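Peer 1: Structure file input26.cif (mmCIF, C-alpha atoms) right here:
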data_upload
#
loop_
_atom_site.label_atom_id
_atom_site.label_comp_id
_atom_site.auth_asym_id
_atom_site.auth_seq_id
_atom_site.Cartn_x
_atom_site.Cartn_y
_atom_site.Cartn_z
CA MET A 1 -67.67 10.03 -76.27
CA GLN A 2 -71.40 9.67 -76.88
CA PRO A 3 -73.77 12.00 -75.01
CA PHE A 4 -75.05 10.90 -71.60
CA ALA A 5 -78.57 10.27 -72.92
CA GLN A 6 -77.44 8.09 -75.82
CA ARG A 7 -75.27 5.90 -73.60
CA LEU A 8 -78.15 5.53 -71.18
CA LEU A 9 -80.61 4.65 -73.95
CA ASP A 10 -78.25 2.05 -75.43
CA TRP A 11 -77.99 0.46 -71.98
CA PHE A 12 -81.77 0.63 -71.53
CA ASP A 13 -82.39 -1.17 -74.83
CA ARG A 14 -80.35 -4.12 -73.55
CA ASN A 15 -80.91 -4.05 -69.79
CA GLY A 16 -83.86 -1.84 -68.93
CA ARG A 17 -87.32 -2.81 -67.70
CA HIS A 18 -89.69 -3.13 -70.65
CA ASP A 19 -92.53 -5.20 -69.17
CA LEU A 20 -93.81 -3.14 -66.26
CA PRO A 21 -97.62 -3.25 -66.17
CA TRP A 22 -98.07 0.52 -66.61
CA GLN A 23 -96.07 0.34 -69.85
CA HIS A 24 -98.72 -1.79 -71.59
CA PRO A 25 -100.59 0.34 -72.51
CA ARG A 26 -98.68 3.45 -71.47
CA THR A 27 -101.62 5.86 -71.17
CA PRO A 28 -101.61 9.11 -69.18
CA TYR A 29 -103.95 7.53 -66.61
CA ARG A 30 -101.84 4.43 -66.05
CA VAL A 31 -98.57 6.40 -65.93
CA TRP A 32 -100.13 8.81 -63.43
CA VAL A 33 -101.37 6.05 -61.11
CA SER A 34 -98.00 4.30 -61.23
CA GLU A 35 -96.06 7.50 -60.57
CA ILE A 36 -98.16 8.34 -57.51
CA MET A 37 -97.81 4.79 -56.18
CA LEU A 38 -94.06 4.77 -56.80
CA GLN A 39 -93.45 7.85 -54.66
CA GLN A 40 -91.36 6.52 -51.76
CA THR A 41 -92.30 2.93 -52.67
CA ARG A 42 -90.37 0.24 -54.57
CA VAL A 43 -91.49 -1.16 -57.94
CA GLU A 44 -91.74 -4.70 -56.56
CA THR A 45 -94.17 -3.52 -53.90
CA VAL A 46 -96.21 -1.36 -56.25
CA ILE A 47 -96.89 -3.89 -59.05
CA PRO A 48 -99.59 -5.99 -57.28
CA TYR A 49 -101.25 -2.83 -55.91
CA PHE A 50 -101.23 -1.24 -59.36
CA GLU A 51 -102.76 -4.31 -60.96
CA ARG A 52 -105.55 -4.56 -58.37
CA PHE A 53 -106.18 -0.82 -58.51
CA THR A 54 -106.45 -0.58 -62.29
CA ALA A 55 -108.58 -3.72 -62.42
CA SER A 56 -111.09 -1.97 -60.15
CA PHE A 57 -110.63 1.50 -61.66
CA PRO A 58 -109.52 1.04 -65.29
CA ASP A 59 -109.84 4.72 -66.19
CA VAL A 60 -110.09 8.16 -64.64
CA GLN A 61 -113.89 8.19 -64.93
CA SER A 62 -114.33 5.03 -62.83
CA LEU A 63 -111.87 6.33 -60.25
CA ALA A 64 -113.66 9.68 -60.01
CA ALA A 65 -117.02 7.96 -59.57
CA ALA A 66 -115.81 5.62 -56.80
CA PRO A 67 -116.36 6.33 -53.10
CA VAL A 68 -113.11 7.43 -51.46
CA ASP A 69 -113.47 4.51 -48.99
CA ASP A 70 -113.12 2.07 -51.90
CA VAL A 71 -110.00 3.88 -53.09
CA LEU A 72 -108.45 3.78 -49.62
CA ALA A 73 -109.31 0.09 -49.24
CA LEU A 74 -107.27 -0.74 -52.35
CA TRP A 75 -104.47 1.55 -51.18
CA ALA A 76 -104.23 0.09 -47.66
CA GLY A 77 -100.67 -1.14 -47.07
CA LEU A 78 -98.96 1.30 -49.46
CA GLY A 79 -98.76 4.02 -46.81
CA TYR A 80 -98.65 7.82 -47.23
CA TYR A 81 -102.44 7.81 -47.60
CA ALA A 82 -102.63 11.45 -48.62
CA ARG A 83 -101.45 10.18 -52.01
CA ALA A 84 -104.63 8.12 -52.38
CA ARG A 85 -106.90 10.96 -51.27
CA ASN A 86 -105.18 13.33 -53.72
CA LEU A 87 -105.45 10.70 -56.46
CA HIS A 88 -109.21 10.59 -55.93
CA ARG A 89 -109.49 14.40 -55.79
CA CYS A 90 -107.39 14.71 -58.93
CA ALA A 91 -109.54 12.20 -60.84
CA ARG A 92 -112.65 14.19 -59.99
CA THR A 93 -110.98 17.43 -61.07
CA ILE A 94 -109.94 15.90 -64.41
CA VAL A 95 -113.48 14.64 -65.04
CA GLU A 96 -115.20 17.85 -63.93
CA ASP A 97 -112.79 20.47 -65.28
CA HIS A 98 -111.04 18.71 -68.18
CA ASN A 99 -113.82 16.51 -69.62
CA GLY A 100 -112.01 13.40 -68.43
CA HIS A 101 -108.81 14.13 -70.38
CA PHE A 102 -105.37 14.67 -68.85
CA PRO A 103 -103.77 17.96 -69.88
CA ARG A 104 -100.82 17.44 -72.23
CA GLU A 105 -98.76 20.31 -70.79
CA ARG A 106 -96.60 19.83 -67.71
CA VAL A 107 -97.58 23.15 -66.13
CA ALA A 108 -101.30 22.34 -66.44
CA LEU A 109 -100.73 18.94 -64.82
CA GLU A 110 -98.83 20.56 -61.94
CA ALA A 111 -101.97 22.55 -61.09
CA LEU A 112 -103.86 19.33 -60.29
CA PRO A 113 -104.08 17.89 -56.75
CA GLY A 114 -101.12 15.75 -55.74
CA ILE A 115 -99.10 16.24 -58.95
CA GLY A 116 -95.72 17.91 -58.54
CA ARG A 117 -93.21 18.96 -61.17
CA SER A 118 -91.44 15.60 -61.55
CA THR A 119 -94.66 13.58 -61.64
CA ALA A 120 -96.16 15.95 -64.22
CA ALA A 121 -93.02 15.66 -66.33
CA ALA A 122 -93.05 11.86 -66.07
CA ILE A 123 -96.66 11.72 -67.29
CA VAL A 124 -95.97 13.98 -70.28
CA ALA A 125 -92.67 12.29 -71.14
CA GLN A 126 -93.91 8.70 -70.88
CA ALA A 127 -97.42 9.11 -72.26
CA HIS A 128 -96.61 11.62 -75.03
CA ASP A 129 -92.83 11.22 -75.54
CA ALA A 130 -92.36 14.92 -74.80
CA PRO A 131 -88.92 16.25 -73.78
CA GLU A 132 -89.53 16.89 -70.08
CA ALA A 133 -86.93 16.27 -67.39
CA ILE A 134 -87.84 14.24 -64.30
CA LEU A 135 -86.26 14.24 -60.86
CA ASP A 136 -87.61 11.33 -58.87
CA GLY A 137 -85.55 9.62 -56.16
CA ASN A 138 -83.65 7.38 -58.58
CA ALA A 139 -82.88 10.20 -61.01
CA LYS A 140 -81.67 12.38 -58.12
CA ARG A 141 -79.22 9.70 -57.04
CA VAL A 142 -77.87 9.14 -60.57
CA LEU A 143 -77.43 12.85 -61.23
CA ALA A 144 -76.05 13.68 -57.80
CA ARG A 145 -73.31 11.11 -58.38
CA HIS A 146 -72.64 11.76 -62.05
CA ALA A 147 -72.44 15.54 -61.59
CA ALA A 148 -70.88 15.23 -58.09
CA VAL A 149 -73.53 17.46 -56.53
CA ASP A 150 -72.91 18.15 -52.87
CA GLY A 151 -75.65 18.57 -50.29
CA TRP A 152 -78.81 16.66 -49.46
CA PRO A 153 -80.84 16.32 -52.72
CA GLY A 154 -83.97 17.50 -50.93
CA SER A 155 -82.48 20.89 -50.07
CA THR A 156 -83.44 23.91 -52.16
CA ALA A 157 -79.90 24.60 -53.39
CA SER A 158 -79.21 21.00 -54.39
CA GLN A 159 -82.58 20.66 -56.10
CA LYS A 160 -81.90 23.71 -58.27
CA THR A 161 -78.58 22.22 -59.36
CA LEU A 162 -80.09 18.79 -59.99
CA TRP A 163 -82.90 20.24 -62.08
CA ARG A 164 -80.34 22.03 -64.27
CA GLU A 165 -78.43 18.76 -64.69
CA ALA A 166 -81.64 16.84 -65.45
CA GLU A 167 -82.74 19.33 -68.09
CA ALA A 168 -79.30 19.43 -69.72
CA ARG A 169 -79.25 15.65 -70.13
CA THR A 170 -82.85 15.07 -71.32
CA PRO A 171 -82.84 14.28 -75.07
CA ALA A 172 -85.15 15.75 -77.68
CA SER A 173 -86.36 12.31 -78.82
CA ARG A 174 -87.10 8.94 -77.21
CA CYS A 175 -88.07 10.79 -74.03
CA ALA A 176 -90.40 8.06 -72.80
CA ASP A 177 -87.57 5.53 -72.95
CA TYR A 178 -85.06 7.95 -71.47
CA THR A 179 -87.34 8.68 -68.52
CA GLN A 180 -87.69 4.97 -67.78
CA ALA A 181 -83.97 4.46 -68.40
CA ILE A 182 -82.76 6.92 -65.78
CA MET A 183 -85.21 5.49 -63.25
CA ASP A 184 -84.02 1.98 -64.08
CA LEU A 185 -80.36 2.94 -63.81
CA GLY A 186 -80.95 4.28 -60.32
CA ALA A 187 -83.02 1.28 -59.27
CA LEU A 188 -80.85 -1.47 -60.78
CA VAL A 189 -77.26 -0.17 -61.01
CA CYS A 190 -76.71 3.17 -59.27
CA THR A 191 -78.27 1.90 -56.07
CA ARG A 192 -78.19 3.65 -52.72
CA SER A 193 -75.58 1.28 -51.29
CA ARG A 194 -72.92 -0.64 -53.21
CA PRO A 195 -73.60 0.78 -56.71
CA ASP A 196 -72.41 -1.46 -59.54
CA CYS A 197 -70.14 1.02 -61.32
CA ALA A 198 -68.70 -1.72 -63.56
CA ALA A 199 -72.15 -2.19 -65.12
CA CYS A 200 -72.93 1.53 -65.43
CA PRO A 201 -73.08 2.94 -68.97
CA VAL A 202 -72.08 6.45 -67.81
CA ALA A 203 -69.39 5.50 -65.29
CA VAL A 204 -66.47 6.71 -67.42
CA ASP A 205 -67.22 10.39 -66.67
CA CYS A 206 -69.09 9.98 -63.40
CA GLY A 207 -67.85 12.63 -60.95
CA ALA A 208 -68.52 10.53 -57.86
CA ARG A 209 -66.59 7.56 -59.27
CA LEU A 210 -63.67 9.68 -60.44
CA GLN A 211 -63.49 11.39 -57.06
CA GLU A 212 -64.00 8.09 -55.20
CA ARG A 213 -67.12 9.48 -53.53
CA THR A 214 -69.82 7.00 -54.59
CA ALA A 215 -70.39 5.99 -50.96
CA GLU A 216 -70.66 9.64 -49.93
CA LEU A 217 -72.97 10.94 -52.66
CA PRO A 218 -75.74 11.80 -52.60
CA HIS A 219 -75.51 13.22 -49.10
CA PRO A 220 -78.10 11.76 -46.71
CA ARG A 221 -80.88 13.79 -45.19
CA PRO A 222 -79.68 15.56 -42.04
CA LYS A 223 -80.53 13.41 -39.06
CA ARG A 224 -83.22 14.48 -36.67
CA GLU A 225 -84.61 12.79 -33.62
CA ARG A 226 -88.09 11.38 -34.05
CA PRO A 227 -90.17 11.86 -30.92
CA THR A 228 -92.26 9.00 -29.56
CA ARG A 229 -95.98 9.55 -29.14
CA THR A 230 -97.82 7.20 -26.83
CA ARG A 231 -101.52 6.61 -27.40
CA TRP A 232 -104.03 4.14 -25.98
CA ALA A 233 -106.45 2.21 -28.19
CA ALA A 234 -109.38 -0.13 -27.58
CA LEU A 235 -109.72 -3.38 -29.47
CA LEU A 236 -113.40 -4.22 -28.94
CA HIS A 237 -114.64 -7.70 -29.81
CA ALA A 238 -118.32 -8.45 -30.31
CA PRO A 239 -120.17 -11.24 -32.13
CA GLU A 240 -120.66 -8.71 -34.95
CA GLY A 241 -116.90 -8.17 -35.33
CA ILE A 242 -114.25 -5.72 -34.13
CA TYR A 243 -115.20 -2.09 -33.67
CA LEU A 244 -113.44 0.34 -36.02
CA GLU A 245 -114.06 4.01 -36.61
CA GLN A 246 -113.11 6.22 -39.50
CA ARG A 247 -110.50 8.92 -39.00
CA PRO A 248 -110.98 12.49 -40.21
CA PRO A 249 -109.98 12.93 -43.86
CA SER A 250 -106.73 14.78 -43.10
CA GLY A 251 -103.79 13.84 -40.92
CA ILE A 252 -102.14 10.49 -40.17
CA TRP A 253 -104.20 7.59 -41.57
CA GLY A 254 -106.72 10.15 -42.78
CA GLY A 255 -110.01 8.60 -43.93
CA LEU A 256 -108.99 5.09 -42.87
CA TYR A 257 -110.73 2.81 -40.37
CA THR A 258 -108.81 2.12 -37.19
CA LEU A 259 -109.18 1.49 -33.46
CA PRO A 260 -110.63 4.21 -31.22
CA GLU A 261 -107.86 6.02 -29.36
CA ALA A 262 -107.37 8.22 -26.32
CA GLU A 263 -104.56 10.25 -24.80
CA ASP A 264 -104.42 8.11 -21.67
CA PRO A 265 -105.81 4.79 -20.35
CA GLU A 266 -108.28 6.47 -18.00
CA HIS A 267 -110.06 8.36 -20.79
CA LEU A 268 -110.06 5.22 -22.95
CA GLU A 269 -111.63 3.09 -20.23
CA ALA A 270 -114.21 5.79 -19.45
CA TRP A 271 -115.18 5.97 -23.14
CA VAL A 272 -115.54 2.20 -23.43
CA HIS A 273 -117.66 1.81 -20.29
CA THR A 274 -119.84 4.78 -21.22
CA HIS A 275 -120.94 2.90 -24.34
CA TRP A 276 -120.61 -0.67 -23.03
CA PRO A 277 -120.93 -0.84 -19.25
CA ARG A 278 -120.53 -4.63 -19.24
CA ALA A 279 -117.39 -4.69 -21.42
CA GLU A 280 -114.91 -7.26 -20.12
CA ALA A 281 -111.25 -6.26 -20.14
CA LEU A 282 -108.85 -8.83 -21.61
CA ALA A 283 -105.07 -8.92 -22.04
CA GLY A 284 -103.38 -5.81 -23.43
CA ASP A 285 -100.82 -5.52 -26.21
CA ALA A 286 -98.52 -2.93 -27.81
CA LEU A 287 -97.98 -1.82 -31.39
CA ASN A 288 -94.99 0.25 -32.50
CA HIS A 289 -94.98 1.95 -35.87
CA GLY A 290 -92.67 4.55 -37.38
CA PHE A 291 -93.99 7.54 -39.29
CA SER A 292 -91.78 10.06 -41.06
CA HIS A 293 -92.02 12.58 -38.20
CA TYR A 294 -92.55 10.45 -35.10
CA GLN A 295 -92.64 6.96 -33.63
CA LEU A 296 -96.07 5.71 -32.52
CA ASP A 297 -96.25 3.65 -29.34
CA LEU A 298 -99.83 2.36 -29.36
CA ARG A 299 -100.96 0.60 -26.17
CA VAL A 300 -103.83 -1.68 -27.15
CA GLN A 301 -106.40 -2.77 -24.53
CA ARG A 302 -108.65 -5.63 -25.58
CA TYR A 303 -112.30 -5.84 -24.51
CA ARG A 304 -115.02 -8.44 -25.01
CA LEU A 305 -118.54 -7.12 -25.47
CA PRO A 306 -121.64 -9.13 -24.53
CA ALA A 307 -123.93 -10.18 -27.36
CA GLY A 308 -126.55 -7.66 -28.38
CA GLU A 309 -124.79 -4.58 -27.00
CA CYS A 310 -123.42 -2.95 -30.16
CA GLY A 311 -125.30 0.21 -29.32
CA ILE A 312 -123.61 2.49 -31.86
CA MET A 313 -123.39 -0.09 -34.60
CA ASP A 314 -125.17 2.10 -37.18
CA ALA A 315 -123.35 5.35 -36.41
CA PRO A 316 -121.71 7.10 -39.40
CA GLY A 317 -118.05 6.25 -39.81
CA VAL A 318 -118.30 3.05 -37.74
CA ILE A 319 -117.92 -0.55 -38.87
CA TRP A 320 -117.83 -3.91 -37.10
CA TYR A 321 -115.09 -5.72 -38.95
CA LYS A 322 -114.46 -9.44 -39.27
CA PRO A 323 -111.00 -10.18 -40.72
CA GLY A 324 -111.30 -12.39 -43.77
CA GLN A 325 -115.08 -12.06 -43.93
CA SER A 326 -116.05 -8.39 -44.07
CA ARG A 327 -115.99 -6.33 -47.24
CA PRO A 328 -112.47 -4.88 -47.72
CA ALA A 329 -112.05 -1.56 -45.98
CA GLY A 330 -109.33 1.07 -45.87
CA ILE A 331 -107.42 -0.05 -42.78
CA PRO A 332 -103.78 0.94 -42.03
CA ALA A 333 -101.41 -1.98 -42.57
CA PRO A 334 -100.22 -2.13 -38.91
CA ILE A 335 -103.84 -2.24 -37.68
CA GLN A 336 -104.72 -4.79 -40.36
CA GLY A 337 -101.86 -6.96 -39.13
CA LEU A 338 -103.09 -6.65 -35.56
CA LEU A 339 -106.63 -7.63 -36.57
CA GLN A 340 -105.33 -10.61 -38.52
CA SER A 341 -103.32 -11.78 -35.53
CA GLU A 342 -106.50 -11.53 -33.46
CA LYS A 343 -108.27 -13.80 -35.93
CA ASP A 344 -105.39 -16.28 -36.06
CA SER A 345 -104.93 -16.43 -32.29
CA GLY A 346 -108.61 -16.49 -31.37
CA HIS A 347 -108.24 -13.54 -28.98
CA GLY A 348 -111.52 -12.07 -27.91
CA THR A 349 -113.64 -14.98 -29.11
CA ASN A 350 -117.08 -14.60 -27.56
CA ARG A 351 -118.10 -17.57 -25.43
#
What would you get if you wrote out this structure as structure tokens?

Peer 2:
Amino acid sequence: MQPFAQRLLDWFDRNGRHDLPWQHPRTPYRVWVSEIMLQQTRVETVIPYFERFTASFPDVQSLAAAPVDDVLALWAGLGYYARARNLHRCARTIVEDHNGHFPRERVALEALPGIGRSTAAAIVAQAHDAPEAILDGNAKRVLARHAAVDGWPGSTASQKTLWREAEARTPASRCADYTQAIMDLGALVCTRSRPDCAACPVAVDCGARLQERTAELPHPRPKRERPTRTRWAALLHAPEGIYLEQRPPSGIWGGLYTLPEAEDPEHLEAWVHTHWPRAEALAGDALNHGFSHYQLDLRVQRYRLPAGECGIMDAPGVIWYKPGQSRPAGIPAPIQGLLQSEKDSGHGTNR
């Protein structure tokens, strides 16, 4: 029987993905951007974001020189915004400390902001064809099944086992293709539900298949209850647009522009009428959005502001946003959807 890597490469030559935009050209910069975007996000979703992002920032120097607001604006909708902030920080570090060149060693890459072991290995393997093992979500699933590894792949014990399996299978040559191949196998064949074992090039000695455990492996993350957090937000309409303020750089939606919030409706109303005593309350709404650690229940109160009363219009971190007209800004996708629905429905139109 041929080695695992050779069977996988033979399958990749016939069935793998060879026309992904970050493969042409496959530079360290483009691989890095794609790997960060692909964390917890599907290829189909990432492609248009990657193309827009690299059109605006074609190299690490242009990314480092850009304002972080511009980076977040192009990232809006991909979620997990710390990735974008770390991407920007990392670009600046590469320019300032490495003369604009990505280190060629995995360990040196791991020292950069936002780059973990698997991402560093993927950059070195794909950009330089170096024999480095990766362990992204797709590779974890393939290896957990093939080696019949028990336990949730995110646990410390399972990760140690999976890294040993990944390193043992990584070939000495064609590492760029092998890295893409194992990701493709997980994405296209060894899928989370209903894997296509008949089409798998390594099914003959797959532990999960032989033990009839493909539906069981890999084990899911232990369930935990996500608490619900209720917040109140003001959606303020003025002739100049909708009032948005920038969040602090860290935390949920860090650095993005969103609606002003309060812990309760009384504090929200007091804040609004302190700044705009003649604000007119309109119909309310609700927005529900799930984060990894909690469920957000956002109670949105609309207000209409009289003309000429945008008293804090020029304050730092404040914009008056007109959907479809204003310069693109970094706005969380759920808030962007709410603002678009305001535009489409005509809510808050000033008479």

Peer 1: Dig up all the protein and nucleic acid residues within 10 Å of (-104.3, 20.4, -55.9) in the file frame, using all atoms listed in the file, and format them as a PDB file with C-alpha atoms, keeping the file's coordinate frame.

Peer 2:
ATOM      1  CA  ASN A  86    -105.180  13.330 -53.720  1.00  0.00           C
ATOM      2  CA  LEU A  87    -105.450  10.700 -56.460  1.00  0.00           C
ATOM      3  CA  ARG A  89    -109.490  14.400 -55.790  1.00  0.00           C
ATOM      4  CA  CYS A  90    -107.390  14.710 -58.930  1.00  0.00           C
ATOM      5  CA  THR A  93    -110.980  17.430 -61.070  1.00  0.00           C
ATOM      6  CA  LEU A 109    -100.730  18.940 -64.820  1.00  0.00           C
ATOM      7  CA  GLU A 110     -98.830  20.560 -61.940  1.00  0.00           C
ATOM      8  CA  ALA A 111    -101.970  22.550 -61.090  1.00  0.00           C
ATOM      9  CA  LEU A 112    -103.860  19.330 -60.290  1.00  0.00           C
ATOM     10  CA  PRO A 113    -104.080  17.890 -56.750  1.00  0.00           C
ATOM     11  CA  GLY A 114    -101.120  15.750 -55.740  1.00  0.00           C
ATOM     12  CA  ILE A 115     -99.100  16.240 -58.950  1.00  0.00           C
ATOM     13  CA  GLY A 116     -95.720  17.910 -58.540  1.00  0.00           C
TER      14      GLY A 116
END

Peer 1: Run through the PyMOL selection byres ((chain A and resi 140-147) around 7) on the given coordinates and return the selected residues as a ChimeraX atom specification.

Peer 2: /A:135-139,148-149,153,162,165,186,190,206-208,214,217-218

Peer 1: For this file, the PyMOL selection byres ((chain A and resi 257) around 12) selects which residues, as a PDB file with C-alpha atoms, keeping the file's coordinate frame?

Peer 2:
ATOM      1  CA  ASP A  69    -113.470   4.510 -48.990  1.00  0.00           C
ATOM      2  CA  ASP A  70    -113.120   2.070 -51.900  1.00  0.00           C
ATOM      3  CA  LEU A  72    -108.450   3.780 -49.620  1.00  0.00           C
ATOM      4  CA  ALA A  73    -109.310   0.090 -49.240  1.00  0.00           C
ATOM      5  CA  ALA A  76    -104.230   0.090 -47.660  1.00  0.00           C
ATOM      6  CA  ILE A 242    -114.250  -5.720 -34.130  1.00  0.00           C
ATOM      7  CA  TYR A 243    -115.200  -2.090 -33.670  1.00  0.00           C
ATOM      8  CA  LEU A 244    -113.440   0.340 -36.020  1.00  0.00           C
ATOM      9  CA  GLU A 245    -114.060   4.010 -36.610  1.00  0.00           C
ATOM     10  CA  GLN A 246    -113.110   6.220 -39.500  1.00  0.00           C
ATOM     11  CA  ARG A 247    -110.500   8.920 -39.000  1.00  0.00           C
ATOM     12  CA  PRO A 248    -110.980  12.490 -40.210  1.00  0.00           C
ATOM     13  CA  PRO A 249    -109.980  12.930 -43.860  1.00  0.00           C
ATOM     14  CA  ILE A 252    -102.140  10.490 -40.170  1.00  0.00           C
ATOM     15  CA  TRP A 253    -104.200   7.590 -41.570  1.00  0.00           C
ATOM     16  CA  GLY A 254    -106.720  10.150 -42.780  1.00  0.00           C
ATOM     17  CA  GLY A 255    -110.010   8.600 -43.930  1.00  0.00           C
ATOM     18  CA  LEU A 256    -108.990   5.090 -42.870  1.00  0.00           C
ATOM     19  CA  THR A 258    -108.810   2.120 -37.190  1.00  0.00           C
ATOM     20  CA  LEU A 259    -109.180   1.490 -33.460  1.00  0.00           C
ATOM     21  CA  PRO A 260    -110.630   4.210 -31.220  1.00  0.00           C
ATOM     22  CA  GLU A 261    -107.860   6.020 -29.360  1.00  0.00           C
ATOM     23  CA  PRO A 316    -121.710   7.100 -39.400  1.00  0.00           C
ATOM     24  CA  GLY A 317    -118.050   6.250 -39.810  1.00  0.00           C
ATOM     25  CA  VAL A 318    -118.300   3.050 -37.740  1.00  0.00           C
ATOM     26  CA  ILE A 319    -117.920  -0.550 -38.870  1.00  0.00           C
ATOM     27  CA  TRP A 320    -117.830  -3.910 -37.100  1.00  0.00           C
ATOM     28  CA  TYR A 321    -115.090  -5.720 -38.950  1.00  0.00           C
ATOM     29  CA  PRO A 328    -112.470  -4.880 -47.720  1.00  0.00           C
ATOM     30  CA  ALA A 329    -112.050  -1.560 -45.980  1.00  0.00           C
ATOM     31  CA  GLY A 330    -109.330   1.070 -45.870  1.00  0.00           C
ATOM     32  CA  ILE A 331    -107.420  -0.050 -42.780  1.00  0.00           C
ATOM     33  CA  PRO A 332    -103.780   0.940 -42.030  1.00  0.00           C
ATOM     34  CA  ALA A 333    -101.410  -1.980 -42.570  1.00  0.00           C
ATOM     35  CA  PRO A 334    -100.220  -2.130 -38.910  1.00  0.00           C
ATOM     36  CA  ILE A 335    -103.840  -2.240 -37.680  1.00  0.00           C
ATOM     37  CA  GLN A 336    -104.720  -4.790 -40.360  1.00  0.00           C
ATOM     38  CA  LEU A 339    -106.630  -7.630 -36.570  1.00  0.00           C
TER      39      LEU A 339
END

Peer 1: Would you tabulate, counting all atoms listed in the file, all residues of segment 62-143 of chain A that have an atom at most 12 Å from an atom of segment 278-295 of chain A, showing the closest pair of atoms and their distance in Å to one decimal, sorted by chain then ascending number, as JSON lines?

Peer 2:
{"residue": "A:Gly79", "atom": "CA", "partner": "A:Phe291", "partner_atom": "CA", "distance": 9.6}
{"residue": "A:Tyr80", "atom": "CA", "partner": "A:Phe291", "partner_atom": "CA", "distance": 9.2}
{"residue": "A:Tyr81", "atom": "CA", "partner": "A:Phe291", "partner_atom": "CA", "distance": 11.9}

Peer 1: Separation of atom CA of Glu212 of chain A and atom CA of Pro195 of chain A, in Å?

Peer 2: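 Computing the Euclidean distance for atom CA of Glu212 of chain A and atom CA of Pro195 of chain A yields 12.2 Å.
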
Peer 1: So how far away is atom CA of Pro131 of chain A from atom CA of Val107 of chain A, in Å?

Peer 2: 13.5 Å

Peer 1: Identify all residues satisfying the PyMOL selection byres ((chain A and resi 173) around 8) in the given file; provide them as an MDAnalysis selection string.

Peer 2: chainID A and resid 129:131 171:172 174:175

Peer 1: From the list A:Gln39, A:Trp276, A:Gln61, A:Phe50, which residue is nearest His101 of chain A when using all atoms listed in the file?

Peer 2: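 Selected residue with least distance to His101 of chain A: A:Gln61.
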
Peer 1: Find the residues around Val189 of chain A up to 12 Å (all atoms listed in the file counted), leave out those fewer than 3 positions away in its own chain, and share them as a PyMOL selection string.

Peer 2: chain A and resi 8+11-12+15-16+138-139+141-142+181-186+192-203

Peer 1: For the residues selected in the previous step, produce a file with C-alpha atoms as a PDB file, keeping the file's coordinate frame.

Peer 2:
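Resulting contents of again-v1.pdb:
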ATOM      1  CA  LEU A   8     -78.150   5.530 -71.180  1.00  0.00           C
ATOM      2  CA  TRP A  11     -77.990   0.460 -71.980  1.00  0.00           C
ATOM      3  CA  PHE A  12     -81.770   0.630 -71.530  1.00  0.00           C
ATOM      4  CA  ASN A  15     -80.910  -4.050 -69.790  1.00  0.00           C
ATOM      5  CA  GLY A  16     -83.860  -1.840 -68.930  1.00  0.00           C
ATOM      6  CA  ASN A 138     -83.650   7.380 -58.580  1.00  0.00           C
ATOM      7  CA  ALA A 139     -82.880  10.200 -61.010  1.00  0.00           C
ATOM      8  CA  ARG A 141     -79.220   9.700 -57.040  1.00  0.00           C
ATOM      9  CA  VAL A 142     -77.870   9.140 -60.570  1.00  0.00           C
ATOM     10  CA  ALA A 181     -83.970   4.460 -68.400  1.00  0.00           C
ATOM     11  CA  ILE A 182     -82.760   6.920 -65.780  1.00  0.00           C
ATOM     12  CA  MET A 183     -85.210   5.490 -63.250  1.00  0.00           C
ATOM     13  CA  ASP A 184     -84.020   1.980 -64.080  1.00  0.00           C
ATOM     14  CA  LEU A 185     -80.360   2.940 -63.810  1.00  0.00           C
ATOM     15  CA  GLY A 186     -80.950   4.280 -60.320  1.00  0.00           C
ATOM     16  CA  ARG A 192     -78.190   3.650 -52.720  1.00  0.00           C
ATOM     17  CA  SER A 193     -75.580   1.280 -51.290  1.00  0.00           C
ATOM     18  CA  ARG A 194     -72.920  -0.640 -53.210  1.00  0.00           C
ATOM     19  CA  PRO A 195     -73.600   0.780 -56.710  1.00  0.00           C
ATOM     20  CA  ASP A 196     -72.410  -1.460 -59.540  1.00  0.00           C
ATOM     21  CA  CYS A 197     -70.140   1.020 -61.320  1.00  0.00           C
ATOM     22  CA  ALA A 198     -68.700  -1.720 -63.560  1.00  0.00           C
ATOM     23  CA  ALA A 199     -72.150  -2.190 -65.120  1.00  0.00           C
ATOM     24  CA  CYS A 200     -72.930   1.530 -65.430  1.00  0.00           C
ATOM     25  CA  PRO A 201     -73.080   2.940 -68.970  1.00  0.00           C
ATOM     26  CA  VAL A 202     -72.080   6.450 -67.810  1.00  0.00           C
ATOM     27  CA  ALA A 203     -69.390   5.500 -65.290  1.00  0.00           C
TER      28      ALA A 203
END

Peer 1: Between atom CA of His219 of chain A and atom CA of Ser34 of chain A, what is the spacing in Å?

Peer 2: 27.1 Å

Peer 1: Which residue, A:Tyr29, A:Trp22, A:Trp152, A:Trp232, has the smallest gap to Glu51 of chain A when you use only C-alpha atoms?

Peer 2: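 Smallest distance to Glu51 of chain A is found for A:Trp22.
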